[in-house]
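*Asks:* Handing you a structure now.
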Amino acid sequence: MLDGMEMISSKELIETAGISRATLNNYVGFGLLPRPIVTKSRSEDGNASRLGYFPDSALDTVQKIKNLKRDGQSMTEIVAQLKNN
């Protein structure tokens, strides 16, 4: 949880949704997902790294995108549809 909001890390989102980092970055670039909140965290080996966090709803959005793509819609159509909702 971050700032009282349920959040999912970019790493978890990528793994759970089965998408690549490039795809995630494209969805952010298209405005389909908000820019992540980036925080510093400590990795298991003790090195400091940055990790982005998205609202839990990002997982639902990615699933909607995947379903629309499966139905044959182009990214242009998906962006128009999801931004109008």
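Residue names in the structure tokens use chain letters A, B, ... in the order shown, residue numbers from 1 in each chain, and ligand numbers from 1 in the order shown.
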Please provide as a list in words all residues within 10 Å of stretch 32-38 of chain A, with the sequence filter that same-chain residues fewer than 6 positions apart are discarded (counting only C-alpha atoms).
*Replies:*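 In the requested format, the answer is Leu2, Met7, Ile8, Ser9, Ser10, Leu24, Asn25, Asn26, Arg50, Leu51, Gly52, Tyr53, Phe54, Pro55, Ser57, Ala58, Leu59, Thr61, Val62, Ile65, Ile78, Val79, Ala80, Leu82 and Lys83 of chain A.
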*Asks:* So which residues of stretch 14-46 of chain A fall under strand (DSSP E) by DSSP, listed as a PyMOL selection string?
*Replies:* chain A and resi 37-42
*Asks:* If DSSP is run on the backbone, what residues of chain A are alpha helix (DSSP H)? A reply as number ranges by chain would be ideal.
*Replies:* A: 10-17, 21-29, 57-70, 75-83
*Asks:* Write a file of the selected residues as a PDB file, in the first residue's frame, keeping C-alpha atoms.
*Replies:*
ATOM      1  CA  SER A  10       5.669  -2.896 -12.159  1.00  0.00           C
ATOM      2  CA  LYS A  11       7.467  -6.209 -11.735  1.00  0.00           C
ATOM      3  CA  GLU A  12       4.346  -7.880 -10.311  1.00  0.00           C
ATOM      4  CA  LEU A  13       2.167  -6.308 -12.985  1.00  0.00           C
ATOM      5  CA  ILE A  14       4.417  -7.589 -15.766  1.00  0.00           C
ATOM      6  CA  GLU A  15       4.561 -11.090 -14.312  1.00  0.00           C
ATOM      7  CA  THR A  16       0.858 -11.351 -13.441  1.00  0.00           C
ATOM      8  CA  ALA A  17      -0.428  -9.862 -16.701  1.00  0.00           C
ATOM      9  CA  ARG A  21       8.289  -4.120 -19.923  1.00  0.00           C
ATOM     10  CA  ALA A  22       8.143  -2.518 -23.386  1.00  0.00           C
ATOM     11  CA  THR A  23       4.400  -3.226 -23.608  1.00  0.00           C
ATOM     12  CA  LEU A  24       3.882  -1.743 -20.149  1.00  0.00           C
ATOM     13  CA  ASN A  25       5.820   1.363 -21.178  1.00  0.00           C
ATOM     14  CA  ASN A  26       3.713   1.628 -24.353  1.00  0.00           C
ATOM     15  CA  TYR A  27       0.469   1.476 -22.357  1.00  0.00           C
ATOM     16  CA  VAL A  28       1.752   4.293 -20.132  1.00  0.00           C
ATOM     17  CA  GLY A  29       2.813   6.250 -23.224  1.00  0.00           C
ATOM     18  CA  SER A  57      -6.733  -1.269 -11.142  1.00  0.00           C
ATOM     19  CA  ALA A  58      -3.879  -1.313 -13.692  1.00  0.00           C
ATOM     20  CA  LEU A  59      -4.146  -5.104 -13.791  1.00  0.00           C
ATOM     21  CA  ASP A  60      -7.822  -4.849 -14.819  1.00  0.00           C
ATOM     22  CA  THR A  61      -6.938  -2.288 -17.480  1.00  0.00           C
ATOM     23  CA  VAL A  62      -4.240  -4.523 -18.948  1.00  0.00           C
ATOM     24  CA  GLN A  63      -6.714  -7.409 -19.045  1.00  0.00           C
ATOM     25  CA  LYS A  64      -9.264  -5.223 -20.877  1.00  0.00           C
ATOM     26  CA  ILE A  65      -6.595  -4.276 -23.415  1.00  0.00           C
ATOM     27  CA  LYS A  66      -5.654  -7.928 -23.932  1.00  0.00           C
ATOM     28  CA  ASN A  67      -9.318  -8.863 -24.450  1.00  0.00           C
ATOM     29  CA  LEU A  68      -9.871  -6.065 -26.957  1.00  0.00           C
ATOM     30  CA  LYS A  69      -6.730  -7.060 -28.853  1.00  0.00           C
ATOM     31  CA  ARG A  70      -7.931 -10.672 -28.878  1.00  0.00           C
ATOM     32  CA  MET A  75      -4.301  -0.135 -30.527  1.00  0.00           C
ATOM     33  CA  THR A  76      -5.722   3.062 -32.036  1.00  0.00           C
ATOM     34  CA  GLU A  77      -9.259   1.750 -31.470  1.00  0.00           C
ATOM     35  CA  ILE A  78      -8.392   0.518 -27.978  1.00  0.00           C
ATOM     36  CA  VAL A  79      -6.893   3.853 -26.970  1.00  0.00           C
ATOM     37  CA  ALA A  80      -9.943   5.731 -28.263  1.00  0.00           C
ATOM     38  CA  GLN A  81     -12.349   3.366 -26.522  1.00  0.00           C
ATOM     39  CA  LEU A  82     -10.615   3.258 -23.136  1.00  0.00           C
ATOM     40  CA  LYS A  83      -9.879   6.967 -22.991  1.00  0.00           C
TER      41      LYS A  83
END
